>>> print(open('model-v3.csv').read())   # CSV, C-alpha atoms
chain,number,residue,atom,x,y,z
A,1,MET,CA,22.0,3.0,-2.4
A,2,LYS,CA,20.5,1.2,-5.4
A,3,ILE,CA,16.9,0.5,-4.6
A,4,LEU,CA,14.3,-1.5,-6.6
A,5,VAL,CA,10.8,-0.1,-6.3
A,6,THR,CA,8.2,-2.4,-7.7
A,7,GLY,CA,4.9,-0.8,-8.7
A,8,ALA,CA,6.8,2.4,-9.4
A,9,ALA,CA,4.1,3.6,-11.8
A,10,GLY,CA,1.5,3.1,-9.0
A,11,PHE,CA,0.2,5.7,-6.6
A,12,ILE,CA,2.4,4.9,-3.6
A,13,GLY,CA,5.3,3.7,-5.8
A,14,MET,CA,5.7,7.0,-7.6
A,15,HIS,CA,5.7,9.0,-4.4
A,16,VAL,CA,8.2,6.7,-2.7
A,17,SER,CA,10.5,6.8,-5.8
A,18,GLN,CA,10.4,10.6,-5.8
A,19,VAL,CA,11.5,10.8,-2.2
A,20,LEU,CA,14.3,8.3,-2.7
A,21,LEU,CA,15.6,10.1,-5.7
A,22,ALA,CA,15.4,13.4,-4.0
A,23,ARG,CA,17.7,12.2,-1.2
A,24,GLY,CA,20.3,10.8,-3.7
A,25,ASP,CA,19.4,7.1,-4.1
A,26,GLU,CA,19.5,5.3,-7.4
A,27,VAL,CA,16.1,3.9,-8.2
A,28,VAL,CA,15.1,1.1,-10.6
A,29,GLY,CA,11.4,1.3,-11.0
A,30,LEU,CA,9.5,-1.8,-12.2
A,31,ASP,CA,5.9,-2.0,-13.3
A,32,ASN,CA,3.8,-3.9,-15.8
A,33,LEU,CA,1.5,-1.0,-16.6
A,34,ASN,CA,-1.6,-3.2,-16.6
A,35,ASP,CA,-5.1,-2.0,-17.3
A,36,TYR,CA,-6.7,-2.6,-13.9
A,37,TYR,CA,-7.2,1.2,-14.2
A,38,ASP,CA,-6.3,3.7,-16.9
A,39,PRO,CA,-2.6,3.0,-17.9
A,40,GLN,CA,-2.3,6.7,-19.0
A,41,LEU,CA,-2.4,7.8,-15.3
A,42,LYS,CA,0.5,5.3,-14.7
A,43,ARG,CA,2.5,6.7,-17.7
A,44,ASP,CA,1.9,10.2,-16.4
A,45,ARG,CA,3.3,9.3,-13.0
A,46,LEU,CA,6.3,7.7,-14.7
A,47,ALA,CA,6.8,11.0,-16.6
A,48,ARG,CA,7.5,12.7,-13.3
A,49,LEU,CA,10.3,10.2,-12.5
A,50,GLU,CA,12.0,9.6,-15.8
A,51,PRO,CA,13.7,13.0,-16.2
A,52,ASN,CA,15.9,12.1,-13.2
A,53,PRO,CA,19.1,10.4,-14.4
A,54,ALA,CA,19.2,8.3,-11.3
A,55,PHE,CA,15.9,6.6,-12.3
A,56,ARG,CA,15.5,3.8,-14.7
A,57,PHE,CA,12.2,2.1,-15.7
A,58,VAL,CA,11.8,-1.6,-16.3
A,59,LEU,CA,8.6,-2.8,-17.9
A,60,MET,CA,8.0,-6.2,-16.4
A,61,ASP,CA,5.5,-8.2,-14.4
A,62,VAL,CA,6.7,-9.5,-11.0
A,63,ALA,CA,5.1,-12.9,-11.9
A,64,ASP,CA,7.7,-13.2,-14.7
A,65,ARG,CA,10.1,-15.7,-13.0
A,66,PRO,CA,12.9,-15.7,-15.6
A,67,GLY,CA,12.8,-12.0,-16.0
A,68,MET,CA,12.9,-11.3,-12.3
A,69,GLU,CA,15.8,-13.7,-11.9
A,70,ARG,CA,17.8,-11.9,-14.5
A,71,LEU,CA,16.9,-8.5,-13.1
A,72,PHE,CA,18.1,-9.4,-9.6
A,73,ALA,CA,21.2,-11.1,-10.9
A,74,ASP,CA,22.2,-8.1,-13.2
A,75,GLU,CA,21.4,-5.2,-10.8
A,76,ARG,CA,22.4,-6.4,-7.3
A,77,PHE,CA,20.1,-4.1,-5.4
A,78,ASP,CA,21.0,-2.9,-1.9
A,79,LYS,CA,17.3,-2.8,-0.8
A,80,VAL,CA,13.9,-3.5,-2.2
A,81,VAL,CA,10.6,-1.7,-1.7
A,82,HIS,CA,7.9,-4.1,-3.1
A,83,LEU,CA,4.7,-2.3,-3.8
A,84,ALA,CA,3.5,-4.0,-7.0
A,85,ALA,CA,0.3,-6.0,-6.3
A,86,GLN,CA,-3.1,-6.6,-7.6
A,87,ALA,CA,-5.1,-4.3,-5.4
A,88,GLY,CA,-8.8,-3.9,-4.5
A,89,VAL,CA,-11.0,-5.9,-2.2
A,90,ARG,CA,-14.1,-5.8,-4.4
A,91,TYR,CA,-12.3,-6.7,-7.6
A,92,SER,CA,-10.9,-9.9,-5.9
A,93,LEU,CA,-14.4,-11.3,-5.7
A,94,GLN,CA,-14.6,-11.5,-9.5
A,95,ASN,CA,-11.0,-12.0,-10.4
A,96,PRO,CA,-9.3,-14.1,-7.8
A,97,HIS,CA,-6.7,-15.7,-10.1
A,98,SER,CA,-5.1,-12.3,-10.7
A,99,TYR,CA,-4.4,-12.0,-7.0
A,100,ILE,CA,-2.6,-15.3,-6.9
A,101,ASP,CA,-0.5,-14.5,-9.9
A,102,SER,CA,0.6,-11.0,-8.8
A,103,ASN,CA,0.4,-11.2,-5.0
A,104,VAL,CA,1.6,-14.8,-4.3
A,105,VAL,CA,3.6,-15.9,-7.4
A,106,GLY,CA,5.0,-12.4,-7.8
A,107,PHE,CA,6.0,-12.1,-4.1
A,108,MET,CA,7.7,-15.5,-4.3
A,109,ASN,CA,9.9,-14.2,-7.2
A,110,ILE,CA,10.7,-11.1,-5.1
A,111,LEU,CA,11.8,-13.2,-2.1
A,112,GLU,CA,13.9,-15.5,-4.2
A,113,GLY,CA,15.6,-12.5,-5.9
A,114,CYS,CA,16.3,-10.9,-2.6
A,115,ARG,CA,17.7,-14.2,-1.1
A,116,HIS,CA,20.0,-15.0,-4.0
A,117,SER,CA,21.4,-11.4,-4.4
A,118,LYS,CA,21.7,-10.9,-0.7
A,119,VAL,CA,19.5,-7.8,-0.5
A,120,LYS,CA,20.0,-6.0,2.8
A,121,HIS,CA,16.3,-5.2,3.5
A,122,LEU,CA,13.0,-6.0,1.9
A,123,VAL,CA,10.1,-3.7,2.7
A,124,TYR,CA,6.8,-4.8,1.2
A,125,ALA,CA,3.2,-3.7,1.1
A,126,SER,CA,0.8,-5.6,3.3
A,127,SER,CA,-2.7,-4.2,4.1
A,128,SER,CA,-5.1,-3.3,6.8
A,129,SER,CA,-7.4,-5.9,5.2
A,130,VAL,CA,-5.5,-8.7,6.9
A,131,TYR,CA,-7.4,-7.8,10.1
A,132,GLY,CA,-10.5,-9.2,8.4
A,133,GLY,CA,-13.2,-10.1,10.9
A,134,ASN,CA,-11.5,-8.5,13.8
A,135,THR,CA,-13.6,-6.0,15.7
A,136,ARG,CA,-11.4,-4.9,18.6
A,137,MET,CA,-10.1,-1.4,17.9
A,138,PRO,CA,-7.5,-0.1,17.3
A,139,PHE,CA,-6.0,-2.9,15.2
A,140,SER,CA,-2.7,-4.0,16.7
A,141,GLU,CA,0.1,-6.0,15.3
A,142,HIS,CA,-0.1,-8.2,18.4
A,143,ASP,CA,-3.6,-9.3,17.4
A,144,SER,CA,-4.3,-12.5,15.4
A,145,VAL,CA,-5.0,-12.0,11.7
A,146,ASP,CA,-6.3,-15.5,10.9
A,147,HIS,CA,-9.8,-14.5,9.6
A,148,PRO,CA,-9.5,-12.7,6.2
A,149,VAL,CA,-12.8,-11.8,4.5
A,150,SER,CA,-11.5,-11.4,0.9
A,151,MET,CA,-9.0,-13.1,-1.4
A,152,TYR,CA,-7.0,-9.8,-1.5
A,153,ALA,CA,-6.7,-10.0,2.3
A,154,ALA,CA,-5.7,-13.6,2.2
A,155,THR,CA,-2.9,-13.0,-0.3
A,156,LYS,CA,-1.5,-10.1,1.9
A,157,LYS,CA,-1.6,-12.4,4.9
A,158,ALA,CA,0.2,-15.0,2.8
A,159,ASN,CA,2.9,-12.5,2.0
A,160,GLU,CA,3.6,-11.9,5.7
A,161,LEU,CA,3.9,-15.7,6.2
A,162,MET,CA,6.2,-16.1,3.2
A,163,ALA,CA,8.4,-13.2,4.3
A,164,HIS,CA,8.7,-14.7,7.8
A,165,THR,CA,9.8,-18.0,6.3
A,166,TYR,CA,12.6,-16.4,4.3
A,167,SER,CA,13.6,-14.3,7.3
A,168,HIS,CA,13.8,-17.5,9.3
A,169,LEU,CA,15.5,-19.8,6.8
A,170,PHE,CA,17.8,-17.4,5.1
A,171,GLY,CA,18.2,-14.5,7.5
A,172,LEU,CA,16.6,-12.1,5.0
A,173,PRO,CA,15.5,-8.9,6.8
A,174,THR,CA,11.9,-8.3,5.9
A,175,THR,CA,9.4,-5.7,7.0
A,176,GLY,CA,5.7,-5.7,6.0
A,177,LEU,CA,3.7,-2.5,6.2
A,178,ARG,CA,-0.1,-2.8,6.7
A,179,PHE,CA,-1.4,0.3,4.8
A,180,PHE,CA,-4.6,1.9,6.0
A,181,THR,CA,-6.7,3.6,3.3
A,182,VAL,CA,-4.1,5.7,1.5
A,183,TYR,CA,-5.3,8.8,-0.4
A,184,GLY,CA,-3.9,11.9,-2.0
A,185,PRO,CA,-2.7,13.5,-5.3
A,186,TRP,CA,-2.1,11.0,-8.1
A,187,GLY,CA,-4.3,8.4,-6.2
A,188,ARG,CA,-6.0,5.4,-7.7
A,189,PRO,CA,-9.3,5.9,-9.7
A,190,ASP,CA,-10.9,2.9,-8.0
A,191,MET,CA,-10.6,4.5,-4.5
A,192,ALA,CA,-13.5,6.3,-2.8
A,193,LEU,CA,-12.0,9.8,-2.8
A,194,PHE,CA,-11.4,9.7,-6.6
A,195,LEU,CA,-14.8,8.1,-7.3
A,196,PHE,CA,-16.6,10.6,-5.1
A,197,THR,CA,-14.8,13.6,-6.5
A,198,LYS,CA,-15.4,12.6,-10.1
A,199,ALA,CA,-19.1,11.9,-9.6
A,200,ILE,CA,-19.8,15.1,-7.6
A,201,ILE,CA,-18.1,17.2,-10.3
A,202,GLU,CA,-20.0,15.5,-13.0
A,203,GLY,CA,-23.3,15.8,-11.1
A,204,ARG,CA,-23.8,12.1,-10.6
A,205,PRO,CA,-24.9,10.4,-7.3
A,206,ILE,CA,-22.3,8.6,-5.2
A,207,ASP,CA,-22.6,5.1,-3.8
A,208,VAL,CA,-22.2,5.2,0.0
A,209,PHE,CA,-21.8,1.7,1.4
A,210,ASN,CA,-23.0,0.3,4.7
A,211,HIS,CA,-25.5,3.2,4.6
A,212,GLY,CA,-22.7,5.6,5.5
A,213,LYS,CA,-21.8,3.8,8.7
A,214,MET,CA,-18.2,3.2,7.7
A,215,ARG,CA,-15.1,4.4,9.5
A,216,ARG,CA,-11.7,4.5,7.9
A,217,ASP,CA,-8.2,5.4,9.0
A,218,PHE,CA,-7.7,7.7,6.0
A,219,THR,CA,-3.9,8.2,5.6
A,220,PHE,CA,-2.4,10.9,3.4
A,221,ILE,CA,0.2,9.9,0.9
A,222,ASP,CA,3.0,12.1,2.3
A,223,ASP,CA,2.6,10.5,5.7
A,224,ILE,CA,2.7,7.0,4.1
A,225,VAL,CA,5.8,7.8,2.2
A,226,GLU,CA,7.6,9.1,5.2
A,227,GLY,CA,6.8,5.9,7.0
A,228,VAL,CA,7.9,3.7,4.2
A,229,VAL,CA,11.3,5.5,3.8
A,230,ARG,CA,11.9,5.5,7.6
A,231,THR,CA,11.1,1.8,7.7
A,232,LEU,CA,13.5,1.1,4.8
A,233,ASP,CA,16.3,2.8,6.8
A,234,HIS,CA,15.6,0.8,9.9
A,235,VAL,CA,16.5,-2.8,8.9
A,236,ALA,CA,14.4,-5.5,10.5
A,237,GLU,CA,16.1,-7.4,13.4
A,238,ALA,CA,15.3,-10.4,15.5
A,239,ASP,CA,13.5,-9.6,18.7
A,240,PRO,CA,15.6,-11.0,21.6
A,241,GLY,CA,12.5,-11.0,23.8
A,242,PHE,CA,10.4,-13.2,21.6
A,243,ASP,CA,8.9,-16.1,23.6
A,244,PRO,CA,8.1,-19.2,21.4
A,245,ASP,CA,6.0,-20.6,24.2
A,246,GLN,CA,3.7,-17.6,23.9
A,247,PRO,CA,4.3,-16.4,20.3
A,248,ASP,CA,3.3,-12.8,19.6
A,249,PRO,CA,2.1,-12.3,16.1
A,250,GLY,CA,3.9,-9.0,15.9
A,251,ARG,CA,7.3,-10.4,17.0
A,252,SER,CA,9.8,-12.9,15.8
A,253,ASN,CA,13.1,-14.4,16.7
A,254,SER,CA,14.0,-13.9,13.0
A,255,PRO,CA,14.8,-10.5,11.3
A,256,PHE,CA,11.1,-10.0,10.5
A,257,ARG,CA,8.8,-7.1,11.4
A,258,VAL,CA,5.3,-6.1,10.5
A,259,PHE,CA,3.8,-2.7,11.2
A,260,ASN,CA,0.6,-0.8,10.9
A,261,ILE,CA,1.0,2.4,8.9
A,262,GLY,CA,-2.1,4.6,9.3
A,263,ASN,CA,-3.4,7.9,10.6
A,264,ASN,CA,-4.3,6.6,14.0
A,265,ASN,CA,-7.5,8.6,13.8
A,266,PRO,CA,-10.5,6.9,12.1
A,267,VAL,CA,-13.0,9.2,10.4
A,268,GLU,CA,-16.7,8.6,9.7
A,269,LEU,CA,-17.3,8.1,5.9
A,270,MET,CA,-20.0,10.9,6.1
A,271,ALA,CA,-17.4,13.3,7.6
A,272,PHE,CA,-15.0,12.4,4.8
A,273,ILE,CA,-17.7,13.1,2.2
A,274,ALA,CA,-18.5,16.4,3.9
A,275,ALA,CA,-14.8,17.4,3.6
A,276,ILE,CA,-15.0,16.6,-0.2
A,277,GLU,CA,-18.2,18.6,-0.5
A,278,LYS,CA,-16.7,21.6,1.3
A,279,SER,CA,-13.6,21.6,-0.8
A,280,LEU,CA,-15.6,21.3,-4.1
A,281,GLY,CA,-18.2,23.8,-3.0
A,282,ARG,CA,-21.1,21.6,-3.9
A,283,SER,CA,-23.2,18.9,-2.3
A,284,ALA,CA,-23.3,15.2,-3.3
A,285,GLU,CA,-26.4,13.2,-4.1
A,286,LYS,CA,-26.0,10.1,-2.0
A,287,ASN,CA,-27.1,6.6,-2.9
A,288,PHE,CA,-27.0,4.6,0.3
A,289,MET,CA,-26.0,0.9,-0.1
A,290,PRO,CA,-25.5,-2.1,2.1
A,291,LEU,CA,-22.0,-3.3,3.2
A,292,GLN,CA,-20.4,-5.1,0.3
A,293,ASP,CA,-19.0,-8.7,0.5
A,294,GLY,CA,-15.4,-8.7,1.5
A,295,ASP,CA,-15.6,-5.2,3.0
A,296,VAL,CA,-15.3,-4.3,6.7
A,297,PRO,CA,-17.3,-1.6,8.5
A,298,ALA,CA,-14.3,0.0,10.3
A,299,THR,CA,-10.5,0.3,10.3
A,300,TYR,CA,-8.4,1.9,12.9
A,301,ALA,CA,-4.6,1.6,13.2
A,302,SER,CA,-2.5,1.5,16.3
A,303,THR,CA,0.8,3.0,15.1
A,304,ASP,CA,2.6,2.8,18.4
A,305,GLU,CA,5.0,0.1,17.2
A,306,LEU,CA,6.0,1.9,14.0
A,307,ASN,CA,6.5,5.1,16.1
A,308,ALA,CA,8.7,3.3,18.6
A,309,TRP,CA,10.7,1.7,15.7
A,310,THR,CA,11.1,4.7,13.4
A,311,GLY,CA,9.7,7.8,15.1
A,312,PHE,CA,6.8,7.8,12.5
A,313,VAL,CA,4.0,10.2,13.4
A,314,PRO,CA,1.2,11.0,10.8
A,315,ALA,CA,0.7,14.7,10.4
A,316,THR,CA,-1.9,15.4,7.8
A,317,SER,CA,-5.5,16.2,8.6
A,318,VAL,CA,-8.3,14.9,6.4
A,319,SER,CA,-9.5,18.4,5.5
A,320,ASP,CA,-6.0,19.3,4.4
A,321,GLY,CA,-5.4,16.1,2.6
A,322,VAL,CA,-8.7,16.1,0.7
A,323,GLY,CA,-8.1,19.7,-0.3
A,324,ARG,CA,-4.7,18.9,-1.7
A,325,PHE,CA,-6.2,15.9,-3.7
A,326,ILE,CA,-8.9,18.0,-5.2
A,327,ALA,CA,-6.5,20.8,-6.2
A,328,TRP,CA,-4.5,18.1,-8.0
A,329,TYR,CA,-7.6,16.6,-9.6
A,330,ARG,CA,-8.8,19.9,-10.9
A,331,ASP,CA,-5.3,20.6,-12.4
A,332,TYR,CA,-4.7,17.1,-13.8
A,333,PHE,CA,-8.2,16.8,-15.5
A,334,ARG,CA,-8.5,20.6,-16.2
A,335,VAL,CA,-11.9,20.9,-14.5
>>> encode(input="model-v3.csv", output="structure tokens")
Amino acid sequence: MKILVTGAAGFIGMHVSQVLLARGDEVVGLDNLNDYYDPQLKRDRLARLEPNPAFRFVLMDVADRPGMERLFADERFDKVVHLAAQAGVRYSLQNPHSYIDSNVVGFMNILEGCRHSKVKHLVYASSSSVYGGNTRMPFSEHDSVDHPVSMYAATKKANELMAHTYSHLFGLPTTGLRFFTVYGPWGRPDMALFLFTKAIIEGRPIDVFNHGKMRRDFTFIDDIVEGVVRTLDHVAEADPGFDPDQPDPGRSNSPFRVFNIGNNNPVELMAFIAAIEKSLGRSAEKNFMPLQDGDVPATYASTDELNAWTGFVPATSVSDGVGRFIAWYRDYFRV
């Protein structure tokens, strides 16, 4: 198949592209290489993809409407994996406009491109942040997600609503994946694992929010990629059992699906830090902080629906995943 992967220079996008290429797909990777974090890391990720003759890179912003229209018209993709987005909960408090540009305007351009070029399946990144103020655990696709607590979360919920509209109006099969705290080699420098590892190696204290009383469904990148590719291969279908008198947020009478993709095993932040300390062989000086605006104290994914649909089962323990990240970090930064 010819597959468009947006955000191909990103953490998840690079890994997804590698797996698609390895199995014989043609991949067109799109990214704008912005400076939200060091673009060199993005270029180095691309360098792992570009030697493959089945990979082509397009430097473009998904918010570029004319450019996206031309791209879809020229390429005629079979399927699309849309991972490009402005990420980060805390950053959205200071830069809300960038989230509308990338996550709403950009997603609109993706939907229009898929519609007009008759893409067979759009798989896109949603986020566990859509659960917002929910406190019932584990988070389920059948729960309401109408109370976001950050602009980032609101844009991801908007993506799900927009996708459903296109599935309903135009029969476009769409599947949203609510990612839960993805980590691993080539990860983002703004994520906790990267920040903690860098600070501990450099002998600096780490900021531990909510006084360490955080729980996260840390999900290793290899598990995430397997779930993404399995989902791409299982095209969304209308649910014949959908009851419009009692609408289930996780179901639809249109070819629309939304799934949690997580480790199904929340870990205390202090235990996560202990795994980093053990792998590094040194202790962290901890600066305990209150819960930040827009953040939530816990995430925990029910992955029953994704398992039933694709057979997805996460397989990587935190101790193994953290060790593999730190081995990559030492090698990449030569420390």
>>> atom_distance(input="model-v3.csv", atom1="atom CA of A:Pro266", atom2="atom CA of A:Ile224")
15.4 Å
>>> residues_around(input="model-v3.csv", residues="stretch 39-52 of chain A", least_positions_apart="5", cutoff="8 Å", atoms="only C-alpha atoms", output="MDAnalysis selection string")
chainID A and resid 8:11 14 17:18 21 33:34 57 186
>>> atom_distance(input="model-v3.csv", atom1="atom CA of A:Phe288", atom2="atom CA of A:Ile273")
12.7 Å
>>> atom_distance(input="model-v3.csv", atom1="atom CA of A:Met151", atom2="atom CA of A:Gly133")
13.3 Å
>>> residues_near_point(input="model-v3.csv", point="(4.9, 8.0, 4.2)", cutoff="9 Å", atoms="only C-alpha atoms", output="ChimeraX atom specification")
/A:12,15-16,219-230,261,312,314
>>> closest_residue(input="model-v3.csv", among="A:Phe259, A:Phe72, A:Tyr91, A:Trp328", to="A:Asn307", atoms="only C-alpha atoms")
A:Phe259
>>> closest_residue(input="model-v3.csv", among="A:Arg251, A:Lys157, A:Lys286, A:His147", to="A:Asp207", atoms="only C-alpha atoms")
A:Lys286
>>> closest_residue(input="model-v3.csv", among="A:Leu30, A:Leu232, A:Ala327, A:Leu111", to="A:Ala84", atoms="only C-alpha atoms")
A:Leu30
>>> residues_around(input="model-v3.csv", residues="A:Asn109", least_positions_apart="3", cutoff="7 Å", atoms="all atoms listed in the file", output="PyMOL selection string")
chain A and resi 62-63+65+68+105-106+112-113
>>> residues_around(input="model-v3.csv", residues="A:Phe325", least_positions_apart="4", cutoff="7 Å", atoms="only C-alpha atoms", output="JSON, numbers by chain")
{"A": [184, 185, 321, 329]}
